[in-house]
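Asker: File protein-v6.pdb follows (PDB, C-alpha atoms):
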```
ATOM      1  CA  MET U   1      -1.893 -14.427  18.807
ATOM      2  CA  SER U   2      -0.381 -17.692  17.559
ATOM      3  CA  PRO U   3       3.204 -18.538  18.668
ATOM      4  CA  ARG U   4       4.396 -18.155  15.082
ATOM      5  CA  PHE U   5       2.883 -14.693  14.687
ATOM      6  CA  LEU U   6       4.022 -13.650  18.186
ATOM      7  CA  ALA U   7       7.602 -14.583  17.362
ATOM      8  CA  GLY U   8       7.410 -12.564  14.160
ATOM      9  CA  ALA U   9       5.985  -9.578  16.032
ATOM     10  CA  LEU U  10       8.773  -9.639  18.605
ATOM     11  CA  LEU U  11      11.416  -9.832  15.893
ATOM     12  CA  ALA U  12       9.760  -7.015  13.932
ATOM     13  CA  LEU U  13       9.774  -4.777  16.971
ATOM     14  CA  GLY U  14      13.268  -5.881  17.926
ATOM     15  CA  LEU U  15      14.680  -4.610  14.643
ATOM     16  CA  SER U  16      14.241  -1.093  15.976
ATOM     17  CA  CYS U  17      17.143  -1.714  18.351
ATOM     18  CA  VAL U  18      19.600  -1.929  15.443
ATOM     19  CA  GLN U  19      21.821   1.131  15.221
ATOM     20  CA  ALA U  20      20.540   3.601  12.657
ATOM     21  CA  GLN U  21      22.545   3.591   9.429
ATOM     22  CA  PRO U  22      21.879   4.333   5.765
ATOM     23  CA  PHE U  23      20.100   1.722   3.643
ATOM     24  CA  SER U  24      17.879   1.497   0.581
ATOM     25  CA  PHE U  25      14.545  -0.147  -0.208
ATOM     26  CA  GLY U  26      12.400  -0.604  -3.311
ATOM     27  CA  LEU U  27       8.795   0.161  -4.246
ATOM     28  CA  TRP U  28       6.719  -1.348  -7.059
ATOM     29  CA  GLY U  29       3.147  -2.355  -7.848
ATOM     30  CA  ASP U  30       0.165  -2.241 -10.238
ATOM     31  CA  MET U  31       1.696  -4.983 -12.401
ATOM     32  CA  PRO U  32       1.611  -7.272 -14.311
ATOM     33  CA  TYR U  33      -1.553  -6.464 -16.271
ATOM     34  CA  GLN U  34      -2.685  -9.084 -18.756
ATOM     35  CA  LYS U  35      -4.519  -6.585 -20.934
ATOM     36  CA  ALA U  36      -1.311  -4.555 -21.370
ATOM     37  CA  GLY U  37       0.834  -7.588 -22.186
ATOM     38  CA  ASP U  38       3.139  -7.003 -19.216
ATOM     39  CA  GLU U  39       4.185 -10.597 -18.565
ATOM     40  CA  PRO U  40       7.231 -10.644 -20.916
ATOM     41  CA  LYS U  41       8.566  -7.519 -19.163
ATOM     42  CA  ILE U  42       8.396  -8.887 -15.613
ATOM     43  CA  PRO U  43      11.624 -10.977 -15.688
ATOM     44  CA  ALA U  44      13.688  -7.868 -16.480
ATOM     45  CA  LEU U  45      11.987  -5.988 -13.663
ATOM     46  CA  LEU U  46      12.609  -8.746 -11.128
ATOM     47  CA  ASN U  47      16.201  -9.058 -12.300
ATOM     48  CA  SER U  48      16.728  -5.315 -11.881
ATOM     49  CA  ILE U  49      15.423  -5.387  -8.316
ATOM     50  CA  ASN U  50      17.320  -8.586  -7.456
ATOM     51  CA  GLN U  51      20.618  -7.153  -8.677
ATOM     52  CA  SER U  52      20.211  -3.971  -6.637
ATOM     53  CA  ASP U  53      21.558  -3.296  -3.154
ATOM     54  CA  ILE U  54      18.175  -2.749  -1.498
ATOM     55  CA  ALA U  55      17.407  -4.351   1.860
ATOM     56  CA  PHE U  56      13.803  -5.198   0.878
ATOM     57  CA  SER U  57      10.955  -4.025  -1.343
ATOM     58  CA  ILE U  58       7.321  -3.147  -0.789
ATOM     59  CA  TYR U  59       4.679  -3.980  -3.400
ATOM     60  CA  ASP U  60       1.801  -1.486  -3.207
ATOM     61  CA  GLY U  61      -1.032  -3.552  -4.658
ATOM     62  CA  ASP U  62      -2.818  -4.629  -7.856
ATOM     63  CA  ILE U  63      -1.456  -8.050  -8.776
ATOM     64  CA  LYS U  64      -3.743  -8.068 -11.864
ATOM     65  CA  ASP U  65      -5.573  -5.631 -14.099
ATOM     66  CA  GLY U  66      -9.085  -4.393 -13.407
ATOM     67  CA  SER U  67     -10.795  -6.208 -16.252
ATOM     68  CA  SER U  68      -9.573  -9.790 -15.815
ATOM     69  CA  GLN U  69     -11.161 -12.487 -13.690
ATOM     70  CA  CYS U  70     -10.417 -12.891  -9.990
ATOM     71  CA  THR U  71      -9.691 -16.606 -10.128
ATOM     72  CA  ASP U  72      -7.722 -18.425  -7.454
ATOM     73  CA  ALA U  73      -4.908 -18.717  -9.989
ATOM     74  CA  ILE U  74      -4.112 -14.999  -9.909
ATOM     75  CA  TYR U  75      -3.204 -15.163  -6.218
ATOM     76  CA  ALA U  76      -1.028 -18.218  -6.832
ATOM     77  CA  SER U  77       0.660 -16.383  -9.706
ATOM     78  CA  ALA U  78       1.429 -13.411  -7.450
ATOM     79  CA  LEU U  79       2.951 -15.705  -4.828
ATOM     80  CA  SER U  80       5.119 -17.244  -7.536
ATOM     81  CA  MET U  81       6.276 -13.787  -8.678
ATOM     82  CA  PHE U  82       7.106 -12.678  -5.145
ATOM     83  CA  GLY U  83       8.877 -15.993  -4.563
ATOM     84  CA  GLN U  84      11.398 -15.086  -7.268
ATOM     85  CA  MET U  85      12.603 -12.072  -5.297
ATOM     86  CA  ASP U  86      15.976 -12.494  -3.590
ATOM     87  CA  GLN U  87      15.195  -9.813  -1.004
ATOM     88  CA  PRO U  88      12.136  -9.725   1.272
ATOM     89  CA  VAL U  89       8.914  -8.407  -0.293
ATOM     90  CA  VAL U  90       6.143  -6.849   1.791
ATOM     91  CA  TYR U  91       2.766  -7.055   0.053
ATOM     92  CA  VAL U  92       0.039  -4.399   0.430
ATOM     93  CA  PRO U  93      -3.379  -5.237  -1.148
ATOM     94  CA  GLY U  94      -4.870  -3.362  -4.090
ATOM     95  CA  ASP U  95      -8.385  -2.983  -5.466
ATOM     96  CA  ASN U  96      -8.036  -5.250  -8.494
ATOM     97  CA  GLU U  97      -7.543  -8.351  -6.352
ATOM     98  CA  TRP U  98     -10.648  -7.869  -4.209
ATOM     99  CA  THR U  99     -12.580  -4.575  -4.282
ATOM    100  CA  ASP U 100     -13.303  -4.762  -8.022
ATOM    101  CA  CYS U 101     -13.939  -8.485  -8.305
ATOM    102  CA  HIS U 102     -17.711  -7.841  -8.330
ATOM    103  CA  ARG U 103     -17.421  -6.463 -11.867
ATOM    104  CA  LEU U 104     -18.904  -8.596 -14.613
ATOM    105  CA  ASN U 105     -15.609  -8.654 -16.532
ATOM    106  CA  ASN U 106     -13.871  -9.805 -13.331
ATOM    107  CA  GLY U 107     -16.170 -12.794 -13.070
ATOM    108  CA  GLY U 108     -18.862 -11.292 -10.843
ATOM    109  CA  TYR U 109     -17.321 -12.537  -7.599
ATOM    110  CA  ASP U 110     -18.360 -11.582  -4.102
ATOM    111  CA  ALA U 111     -15.639  -9.027  -3.277
ATOM    112  CA  LEU U 112     -15.694  -9.790   0.433
ATOM    113  CA  GLU U 113     -15.214 -13.500  -0.243
ATOM    114  CA  ARG U 114     -12.190 -12.629  -2.386
ATOM    115  CA  LEU U 115     -10.823 -10.456   0.425
ATOM    116  CA  ALA U 116     -11.139 -13.358   2.841
ATOM    117  CA  TYR U 117      -9.354 -15.620   0.351
ATOM    118  CA  LEU U 118      -6.588 -13.039  -0.142
ATOM    119  CA  ARG U 119      -6.011 -12.883   3.614
ATOM    120  CA  LYS U 120      -5.624 -16.647   3.832
ATOM    121  CA  THR U 121      -3.484 -16.971   0.696
ATOM    122  CA  LEU U 122      -1.132 -14.016   0.413
ATOM    123  CA  PHE U 123      -0.145 -13.938   4.079
ATOM    124  CA  PRO U 124       0.881 -17.570   4.609
ATOM    125  CA  THR U 125       3.247 -16.799   7.504
ATOM    126  CA  ALA U 126       4.019 -13.960   9.886
ATOM    127  CA  ALA U 127       6.997 -13.017   7.735
ATOM    128  CA  SER U 128       7.249 -11.193   4.436
ATOM    129  CA  LEU U 129       7.349 -12.911   1.072
ATOM    130  CA  GLY U 130      10.529 -13.426  -0.973
ATOM    131  CA  LYS U 131      13.442 -15.864  -0.782
ATOM    132  CA  ARG U 132      14.737 -14.038   2.280
ATOM    133  CA  GLN U 133      12.053 -13.098   4.719
ATOM    134  CA  LEU U 134      11.496 -10.169   7.009
ATOM    135  CA  PRO U 135       9.566 -10.588  10.276
ATOM    136  CA  LEU U 136       6.393  -8.488  10.370
ATOM    137  CA  LEU U 137       3.976  -7.306  12.998
ATOM    138  CA  HIS U 138       0.340  -7.845  11.888
ATOM    139  CA  GLN U 139      -2.800  -6.108  13.074
ATOM    140  CA  GLY U 140      -4.885  -9.264  12.709
ATOM    141  CA  GLN U 141      -4.575 -12.972  13.349
ATOM    142  CA  PRO U 142      -3.431 -15.414  10.613
ATOM    143  CA  GLY U 143      -6.011 -15.601   7.830
ATOM    144  CA  GLU U 144      -8.396 -13.238   9.609
ATOM    145  CA  LYS U 145      -9.419  -9.587   9.373
ATOM    146  CA  TYR U 146      -6.596  -7.073   9.049
ATOM    147  CA  VAL U 147      -3.782  -9.597   8.903
ATOM    148  CA  GLU U 148      -2.855  -7.625   5.777
ATOM    149  CA  ASN U 149      -2.040  -4.502   7.832
ATOM    150  CA  THR U 150       1.642  -4.855   8.664
ATOM    151  CA  ARG U 151       4.423  -2.985  10.409
ATOM    152  CA  PHE U 152       8.159  -3.375  10.928
ATOM    153  CA  SER U 153      11.191  -1.259  11.756
ATOM    154  CA  HIS U 154      14.527  -1.187   9.981
ATOM    155  CA  HIS U 155      17.451   0.875  11.271
ATOM    156  CA  GLN U 156      15.055   3.056  13.274
ATOM    157  CA  ILE U 157      12.745   3.807  10.366
ATOM    158  CA  VAL U 158       9.180   2.554  10.831
ATOM    159  CA  PHE U 159       7.236   1.054   7.905
ATOM    160  CA  ALA U 160       3.479   0.451   7.918
ATOM    161  CA  GLY U 161       1.218  -1.057   5.253
ATOM    162  CA  PHE U 162      -2.551  -0.573   5.125
ATOM    163  CA  ASN U 163      -5.444  -2.101   3.199
ATOM    164  CA  VAL U 164      -6.655   1.177   1.675
ATOM    165  CA  PRO U 165      -7.341   0.253  -1.967
ATOM    166  CA  GLY U 166      -8.611   1.966  -5.065
ATOM    167  CA  SER U 167     -12.244   2.217  -6.070
ATOM    168  CA  ASN U 168     -12.925   4.666  -3.248
ATOM    169  CA  ASN U 169     -11.657   2.354  -0.520
ATOM    170  CA  ASN U 170     -14.592  -0.052  -1.158
ATOM    171  CA  LYS U 171     -17.155   2.631  -0.305
ATOM    172  CA  VAL U 172     -20.286   2.315  -2.506
ATOM    173  CA  MET U 173     -21.816   5.721  -3.118
ATOM    174  CA  ASP U 174     -25.342   4.964  -4.355
ATOM    175  CA  ASP U 175     -27.552   2.489  -6.231
ATOM    176  CA  LYS U 176     -26.060   3.477  -9.586
ATOM    177  CA  ASP U 177     -22.550   2.892  -8.277
ATOM    178  CA  CYS U 178     -23.678  -0.445  -6.863
ATOM    179  CA  GLY U 179     -25.079  -1.829 -10.100
ATOM    180  CA  ASN U 180     -22.732  -0.316 -12.691
ATOM    181  CA  LYS U 181     -21.237  -3.197 -14.745
ATOM    182  CA  SER U 182     -21.540  -5.287 -11.619
ATOM    183  CA  ALA U 183     -22.981  -8.577 -10.393
ATOM    184  CA  ARG U 184     -23.523  -7.101  -6.916
ATOM    185  CA  THR U 185     -26.887  -7.238  -5.186
ATOM    186  CA  ALA U 186     -28.166  -4.437  -2.979
ATOM    187  CA  ALA U 187     -27.399  -6.589   0.040
ATOM    188  CA  GLN U 188     -23.791  -7.058  -1.107
ATOM    189  CA  CYS U 189     -23.389  -3.307  -1.533
ATOM    190  CA  GLN U 190     -24.673  -2.762   1.978
ATOM    191  CA  ALA U 191     -22.207  -5.365   3.202
ATOM    192  CA  SER U 192     -19.393  -3.590   1.335
ATOM    193  CA  ASN U 193     -20.219  -0.288   2.983
ATOM    194  CA  ALA U 194     -20.304  -1.964   6.395
ATOM    195  CA  GLU U 195     -16.907  -3.506   5.602
ATOM    196  CA  HIS U 196     -15.575  -0.086   4.588
ATOM    197  CA  VAL U 197     -16.640   1.494   7.877
ATOM    198  CA  GLU U 198     -15.161  -1.317   9.973
ATOM    199  CA  ARG U 199     -11.869  -1.495   8.072
ATOM    200  CA  ASP U 200     -11.584   2.308   8.025
ATOM    201  CA  ALA U 201     -11.726   2.303  11.828
ATOM    202  CA  ALA U 202      -9.128  -0.480  11.994
ATOM    203  CA  ASN U 203      -6.846   1.426   9.618
ATOM    204  CA  LEU U 204      -7.093   4.551  11.772
ATOM    205  CA  GLN U 205      -6.115   2.511  14.810
ATOM    206  CA  TRP U 206      -3.173   0.944  12.955
ATOM    207  CA  LEU U 207      -2.092   4.400  11.747
ATOM    208  CA  GLN U 208      -2.108   5.793  15.272
ATOM    209  CA  GLN U 209      -0.094   2.822  16.483
ATOM    210  CA  ALA U 210       2.444   3.288  13.674
ATOM    211  CA  PHE U 211       3.025   6.917  14.612
ATOM    212  CA  GLN U 212       3.243   5.995  18.293
ATOM    213  CA  ALA U 213       5.807   3.302  17.495
ATOM    214  CA  ALA U 214       7.830   5.850  15.539
ATOM    215  CA  LYS U 215       7.704   8.287  18.454
ATOM    216  CA  ASP U 216       8.604   5.605  20.988
ATOM    217  CA  GLN U 217      11.599   4.553  18.903
ATOM    218  CA  LYS U 218      12.563   8.184  18.261
ATOM    219  CA  ALA U 219      12.481   7.271  14.570
ATOM    220  CA  ARG U 220      13.718   9.846  12.078
ATOM    221  CA  GLY U 221      11.225   8.652   9.492
ATOM    222  CA  LEU U 222       7.951   6.817   8.927
ATOM    223  CA  VAL U 223       6.884   5.181   5.647
ATOM    224  CA  LEU U 224       3.130   4.692   5.101
ATOM    225  CA  VAL U 225       2.076   2.509   2.154
ATOM    226  CA  ILE U 226      -1.399   2.118   0.638
ATOM    227  CA  GLN U 227      -2.575   1.231  -2.866
ATOM    228  CA  GLY U 228      -5.425   3.653  -3.566
ATOM    229  CA  ASP U 229      -4.915   7.136  -4.974
ATOM    230  CA  PRO U 230      -6.665   9.320  -2.376
ATOM    231  CA  GLY U 231      -7.247  12.236  -4.728
ATOM    232  CA  PHE U 232      -4.368  14.592  -3.993
ATOM    233  CA  ASP U 233      -4.363  15.757  -7.612
ATOM    234  CA  LEU U 234      -7.975  16.895  -7.891
ATOM    235  CA  PRO U 235      -8.105  20.540  -9.035
ATOM    236  CA  GLU U 236      -8.675  23.031  -6.249
ATOM    237  CA  THR U 237     -11.884  25.069  -6.458
ATOM    238  CA  GLU U 238     -13.401  27.714  -4.187
ATOM    239  CA  ASP U 239     -17.008  26.577  -4.220
ATOM    240  CA  ARG U 240     -16.749  22.912  -3.177
ATOM    241  CA  ASP U 241     -14.753  20.525  -1.032
ATOM    242  CA  GLU U 242     -12.794  18.302  -3.425
ATOM    243  CA  SER U 243     -12.102  15.777  -0.672
ATOM    244  CA  GLN U 244     -15.791  14.839  -0.660
ATOM    245  CA  ALA U 245     -15.904  14.060  -4.394
ATOM    246  CA  PRO U 246     -17.641  10.719  -5.101
ATOM    247  CA  GLY U 247     -14.497   8.911  -6.191
ATOM    248  CA  VAL U 248     -12.333   9.819  -3.179
ATOM    249  CA  SER U 249     -14.673  10.394  -0.228
ATOM    250  CA  GLY U 250     -13.827   6.932   1.114
ATOM    251  CA  TYR U 251     -10.287   8.111   1.920
ATOM    252  CA  ARG U 252     -11.152  11.217   3.949
ATOM    253  CA  ASN U 253     -10.994   9.779   7.438
ATOM    254  CA  PHE U 254      -7.650   8.143   6.743
ATOM    255  CA  ILE U 255      -6.042  11.177   5.103
ATOM    256  CA  ASN U 256      -7.330  13.534   7.792
ATOM    257  CA  ALA U 257      -5.737  11.250  10.387
ATOM    258  CA  VAL U 258      -2.463  11.163   8.413
ATOM    259  CA  VAL U 259      -2.396  14.968   8.488
ATOM    260  CA  SER U 260      -3.193  15.170  12.190
ATOM    261  CA  GLU U 261      -0.584  12.570  13.142
ATOM    262  CA  THR U 262       2.086  14.070  10.858
ATOM    263  CA  GLU U 263       1.599  17.479  12.462
ATOM    264  CA  GLN U 264       2.546  15.927  15.802
ATOM    265  CA  PHE U 265       5.521  13.917  14.498
ATOM    266  CA  ALA U 266       9.032  15.376  14.558
ATOM    267  CA  GLY U 267      10.383  13.188  11.757
ATOM    268  CA  GLN U 268       9.760  12.851   8.039
ATOM    269  CA  VAL U 269       6.740  10.965   6.642
ATOM    270  CA  LEU U 270       6.910   9.289   3.222
ATOM    271  CA  PHE U 271       3.368   8.564   2.042
ATOM    272  CA  VAL U 272       3.415   5.948  -0.737
ATOM    273  CA  HIS U 273       0.583   4.878  -3.030
ATOM    274  CA  GLY U 274       0.028   3.365  -6.459
ATOM    275  CA  ASP U 275      -3.229   3.128  -8.438
ATOM    276  CA  THR U 276      -2.594   5.931 -10.959
ATOM    277  CA  HIS U 277       0.413   4.271 -12.627
ATOM    278  CA  PHE U 278       2.826   7.154 -13.159
ATOM    279  CA  PHE U 279       5.765   8.214 -11.021
ATOM    280  CA  LYS U 280       5.219  11.342  -8.967
ATOM    281  CA  LEU U 281       7.005  12.913  -6.024
ATOM    282  CA  ASP U 282       5.601  16.015  -4.349
ATOM    283  CA  LYS U 283       4.233  17.646  -1.202
ATOM    284  CA  PRO U 284       0.470  17.827  -1.888
ATOM    285  CA  LEU U 285      -0.713  18.718   1.615
ATOM    286  CA  TYR U 286      -2.303  20.845   2.762
ATOM    287  CA  SER U 287      -2.992  22.677  -0.520
ATOM    288  CA  PRO U 288      -1.123  24.435  -3.340
ATOM    289  CA  SER U 289      -0.736  27.494  -1.107
ATOM    290  CA  ARG U 290      -0.080  25.840   2.274
ATOM    291  CA  LEU U 291       2.589  23.243   3.023
ATOM    292  CA  LEU U 292       2.768  20.299   5.411
ATOM    293  CA  PRO U 293       6.577  20.315   5.334
ATOM    294  CA  ASN U 294       7.406  16.901   6.775
ATOM    295  CA  LEU U 295       5.117  14.846   4.502
ATOM    296  CA  THR U 296       6.152  13.758   1.005
ATOM    297  CA  ARG U 297       3.899  11.831  -1.389
ATOM    298  CA  LEU U 298       5.464   9.177  -3.620
ATOM    299  CA  GLN U 299       3.295   7.683  -6.349
ATOM    300  CA  THR U 300       4.838   4.571  -7.898
ATOM    301  CA  PHE U 301       4.973   3.315 -11.470
ATOM    302  CA  GLY U 302       2.328   0.934 -12.816
ATOM    303  CA  SER U 303       1.339  -0.922 -15.971
ATOM    304  CA  PRO U 304       2.338  -0.515 -18.756
ATOM    305  CA  MET U 305       5.349   1.299 -17.249
ATOM    306  CA  ILE U 306       7.172  -1.669 -15.742
ATOM    307  CA  HIS U 307       9.692   0.176 -13.601
ATOM    308  CA  TRP U 308      10.378   0.553  -9.881
ATOM    309  CA  VAL U 309      11.494   3.142  -7.350
ATOM    310  CA  ARG U 310      14.596   3.039  -5.161
ATOM    311  CA  VAL U 311      14.510   4.992  -1.907
ATOM    312  CA  GLU U 312      17.734   5.796  -0.098
ATOM    313  CA  VAL U 313      17.338   6.298   3.644
ATOM    314  CA  ASP U 314      19.863   8.284   5.661
ATOM    315  CA  PRO U 315      18.749   9.114   9.207
ATOM    316  CA  ALA U 316      21.529  11.731   9.384
ATOM    317  CA  ASN U 317      19.999  13.629   6.449
ATOM    318  CA  PRO U 318      17.344  16.166   7.549
ATOM    319  CA  ASN U 319      15.110  14.989   4.692
ATOM    320  CA  VAL U 320      15.811  11.294   5.530
ATOM    321  CA  PHE U 321      14.470   9.954   2.194
ATOM    322  CA  THR U 322      16.042  10.359  -1.261
ATOM    323  CA  VAL U 323      13.895   8.967  -4.072
ATOM    324  CA  GLN U 324      15.214   7.630  -7.382
ATOM    325  CA  PRO U 325      13.094   6.150 -10.189
ATOM    326  CA  VAL U 326      14.713   3.069 -11.727
ATOM    327  CA  ILE U 327      13.935   2.652 -15.418
ATOM    328  CA  VAL U 328      14.078  -0.993 -16.515
ATOM    329  CA  ARG U 329      15.324  -1.425 -20.082
ATOM    330  CA  GLN U 330      13.478  -4.169 -21.946
TER     331      GLN U 330
END
```
Spell out the structure here as C-alpha cells.

Answerer:
Amino acid sequence: MSPRFLAGALLALGLSCVQAQPFSFGLWGDMPYQKAGDEPKIPALLNSINQSDIAFSIYDGDIKDGSSQCTDAIYASALSMFGQMDQPVVYVPGDNEWTDCHRLNNGGYDALERLAYLRKTLFPTAASLGKRQLPLLHQGQPGEKYVENTRFSHHQIVFAGFNVPGSNNNKVMDDKDCGNKSARTAAQCQASNAEHVERDAANLQWLQQAFQAAKDQKARGLVLVIQGDPGFDLPETEDRDESQAPGVSGYRNFINAVVSETEQFAGQVLFVHGDTHFFKLDKPLYSPSRLLPNLTRLQTFGSPMIHWVRVEVDPANPNVFTVQPVIVRQ
C-alpha cells in the first residue's frame, strides 16, 4: 500500500474512536441523465445538499444515462459535479459508466477498459471527493482492481461501498445476451464473466471485513451501499426461485452473504441501492411472510426525479437510522 493510501486507511479506521453521537448523511445517485434533460436541475440539487447539516453524502452510481456514450468527458464531468459539494462525497460505481459501455448507443466500448479508466480517474486520492474530504480505506491499490470498494467509520457507524452495479452485476447470461445491441465479441463476453466471478469474490471478502469491523468496533449500525437493484421486488411464486431469474442471478452470492452476515450482527444494517430510480424504504428479506428484522432496504431517487435522501443516525435509538426523502423544488 502506498504511503498516501496507508495514511488514509489509518485515519479512516481511527474515526471509529470518536465518541458515538447523532449525525446525518445524504444519499443520491442515478443522475444527471442527458436524455431526461437533468442538467438544469442539478444546481438546485447540489445547493440543497450543500445547505443541509449532513456530515457527508454517498453517491450510489450512474453518473450518466444508459444510452449516451462513455467518453472520457463523462468522468471529468462527474468529478466536476462532485467537486462542487461542500461536504465530502463518497462515490460508488454504477453500470452506466462501465458495465453498459459495450452497447452500440454507448459507443461500443470495451467495458473492462472503461472500468480500468474509472478506477484511475474517479479515485484520484485515498480520500473522498468534495471540497472537504473524508479519509477512506480501500480494498485495492491506487488505480488498480477494487480501489473502488471503500470503507470508513463515523461516530461508531461503519460505512462500506461495493462495486455491485446494474445489468446483472456484469454477468452475461448467454450468446443472445452477449450480442444484444452490443459491440461485444464472444471473447469479451467471456472476459466479462471472468471479471464478474473475480469481483464477486472480492466483494464477498470486503463484505465480511465490513461486518467484522462493525463487530470489532461494537458499532450500532452498518451501512452497505451498491448501485444495482438486486431484485428484491420480483413477485414471489411457488414454482420457481426468483433469485435465479436471468436479470438478477449475478447478485445471488452477494445477497446471500448479506443475509448470513446480518443474521450474526447485533446492530442495524441499512442496505442502500439505486438503479430503479424511485424512493423506497422497506424490509424485503427474507420474504413477504418472513422478516430479517435488523436489515432495512433503502432505494434512492434517480433521473428524472432529481431529489436526495437524508438519513439521521442516532446510536441511542434502537432502530439507529431514520430516513427522510428531501424533495428539491425546481

Asker: The PyMOL selection byres ((chain U and resi 98) around 8) - which residues does that actually catch in the file I just gave you? List them as a list in words.

Answerer: Cys70, Gly94, Asp95, Asn96, Glu97, Thr99, Asp100, Cys101, Ala111, Leu112, Arg114, Leu115 and Leu118 of chain U

Asker: Can you list, as a ChimeraX atom specification, the residues that the PyMOL selection byres ((chain U and resi 316) around 9) selects here?

Answerer: /U:20-22,220,313-315,317-320

Asker: Taking into account only C-alpha atoms, which residue in the set U:Gln227, U:Gln324, U:Thr125, U:Gln87 is nearest to Asn50 (chain U)?

Answerer: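 With only C-alpha atoms as the atom set, the closest residue is U:Gln87.
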
Asker: Could you tell me which residues the PyMOL selection byres ((chain U and resi 254) around 10) grabs in this file, written as a JSON list (two decimals) with C-alpha atoms, in the coordinates of the input?

Answerer:
```json
[["chain", "number", "residue", "atom", "x", "y", "z"],
["U", 164, "VAL", "CA", -6.66, 1.18, 1.68],
["U", 200, "ASP", "CA", -11.58, 2.31, 8.02],
["U", 201, "ALA", "CA", -11.73, 2.30, 11.83],
["U", 203, "ASN", "CA", -6.85, 1.43, 9.62],
["U", 204, "LEU", "CA", -7.09, 4.55, 11.77],
["U", 205, "GLN", "CA", -6.12, 2.51, 14.81],
["U", 207, "LEU", "CA", -2.09, 4.40, 11.75],
["U", 230, "PRO", "CA", -6.66, 9.32, -2.38],
["U", 250, "GLY", "CA", -13.83, 6.93, 1.11],
["U", 251, "TYR", "CA", -10.29, 8.11, 1.92],
["U", 252, "ARG", "CA", -11.15, 11.22, 3.95],
["U", 253, "ASN", "CA", -10.99, 9.78, 7.44],
["U", 255, "ILE", "CA", -6.04, 11.18, 5.10],
["U", 256, "ASN", "CA", -7.33, 13.53, 7.79],
["U", 257, "ALA", "CA", -5.74, 11.25, 10.39],
["U", 258, "VAL", "CA", -2.46, 11.16, 8.41],
["U", 259, "VAL", "CA", -2.40, 14.97, 8.49],
["U", 260, "SER", "CA", -3.19, 15.17, 12.19]]
```

Asker: Do you have, as a tab-separated table, the list of residues of region 73-164 of chain U lying at most 10 Å from region 44-49 of chain U, each with its nearest atom pair and that distance in Å to one decimal, counting only C-alpha atoms and ordered by chain then number?

Answerer:
```
residue	atom	partner	partner_atom	distance
U:Met81	CA	U:Leu46	CA	8.5
U:Phe82	CA	U:Leu46	CA	9.0
U:Gln84	CA	U:Leu46	CA	7.5
U:Met85	CA	U:Leu46	CA	6.7
U:Asp86	CA	U:Ile49	CA	8.6
U:Gln87	CA	U:Ile49	CA	8.6
```

Asker: In Å, rounded to a single decimal, give me how far CA of Ala78 (chain U) is from CA of Phe271 (chain U).

Answerer: 24.0 Å

Asker: Which one is closest to His155 (chain U): U:Ser24, U:Leu298, U:His307, U:Leu224? Count all atoms listed in the file.

Answerer: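 The shortest atom-to-atom distance to His155 (chain U) comes from U:Ser24.
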
Asker: Tell me which protein, DNA and RNA residues are within 9 Å of Phe159 (chain U), counting only C-alpha atoms, leaving out same-chain ones fewer than 4 positions away, and put them as a ChimeraX atom specification.

Answerer: /U:150-154,210,221-225

Asker: Report as a VMD selection string all protein, DNA and RNA residues lying within 9 Å of Phe265 (chain U), evaluated on only C-alpha atoms, omitting residues in the same chain fewer than 6 positions from it.

Answerer: chain U and resid 211 214 to 215 294

Asker: What is the distance, in Å and to one decimal place, between CA of His277 (chain U) and CA of Thr300 (chain U)?

Answerer: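 We find that CA of His277 (chain U) and CA of Thr300 (chain U) lie 6.5 Å from each other.
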
Asker: Which polymer residues have any atom within 12 Å of an atom of Glu39 (chain U), counting all atoms listed in the file, with same-chain residues fewer than 3 positions away left out, as a VMD selection string?

Answerer: chain U and resid 31 to 36 42 to 46 63 to 65 77 to 78 81 303 to 304 306 330

Asker: Which residues are close to Glu195 (chain U), i.e. within 9 Å by all atoms listed in the file, leaving aside same-chain residues fewer than 3 positions away? Reply as a compact mmCIF listing (two decimals) with C-alpha atoms, in the frame of the given file.

Answerer:
```
# COMPACT_ATOMS: atom_id res chain seq x y z
CA LEU U 112 -15.69 -9.79 0.43
CA ASN U 170 -14.59 -0.05 -1.16
CA LYS U 171 -17.16 2.63 -0.30
CA GLN U 190 -24.67 -2.76 1.98
CA ALA U 191 -22.21 -5.36 3.20
CA SER U 192 -19.39 -3.59 1.34
CA GLU U 198 -15.16 -1.32 9.97
CA ARG U 199 -11.87 -1.50 8.07
CA ASP U 200 -11.58 2.31 8.02
```

Asker: Could you list, as a list in words, every residue within 10 Å of Gln133 (chain U), counting only C-alpha atoms and ignoring same-chain residues fewer than 4 positions away?

Answerer: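 These residues fall inside the cut-off: Phe56, Asp86, Gln87, Pro88, Val89, Val90, Thr125, Ala126, Ala127, Ser128 and Leu129 of chain U.
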
Asker: With C-alpha atoms retained, export the selected residues as an mmCIF file, in the frame of the given file.

Answerer:
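Everything below was put into selection-v4.cif:
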```
data_model
loop_
_atom_site.group_PDB
_atom_site.id
_atom_site.type_symbol
_atom_site.label_atom_id
_atom_site.label_comp_id
_atom_site.auth_asym_id
_atom_site.auth_seq_id
_atom_site.Cartn_x
_atom_site.Cartn_y
_atom_site.Cartn_z
ATOM 1 C CA PHE U 56 13.803 -5.198 0.878
ATOM 2 C CA ASP U 86 15.976 -12.494 -3.590
ATOM 3 C CA GLN U 87 15.195 -9.813 -1.004
ATOM 4 C CA PRO U 88 12.136 -9.725 1.272
ATOM 5 C CA VAL U 89 8.914 -8.407 -0.293
ATOM 6 C CA VAL U 90 6.143 -6.849 1.791
ATOM 7 C CA THR U 125 3.247 -16.799 7.504
ATOM 8 C CA ALA U 126 4.019 -13.960 9.886
ATOM 9 C CA ALA U 127 6.997 -13.017 7.735
ATOM 10 C CA SER U 128 7.249 -11.193 4.436
ATOM 11 C CA LEU U 129 7.349 -12.911 1.072
#
```

Asker: Quick check, in Å to one decimal: how far apart do CA of Arg132 (chain U) and CA of Phe23 (chain U) lie?

Answerer: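 Spanning CA of Arg132 (chain U) to CA of Phe23 (chain U) is a straight-line distance of 16.7 Å.
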
Asker: My list of candidates is U:Asp30, U:Lys41, U:Ser287, U:Gly130. Which is closest to Arg329 (chain U) when distances are computed with only C-alpha atoms?

Answerer: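 Selected residue with least distance to Arg329 (chain U): U:Lys41.
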
Asker: Hey, which of U:Gly247, U:His102, U:Val197, U:Trp206 ends up closest to Cys178 (chain U)? Count all atoms listed in the file.

Answerer: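 Nearest candidate to Cys178 (chain U) out of U:Gly247, U:His102, U:Val197, U:Trp206: U:His102.
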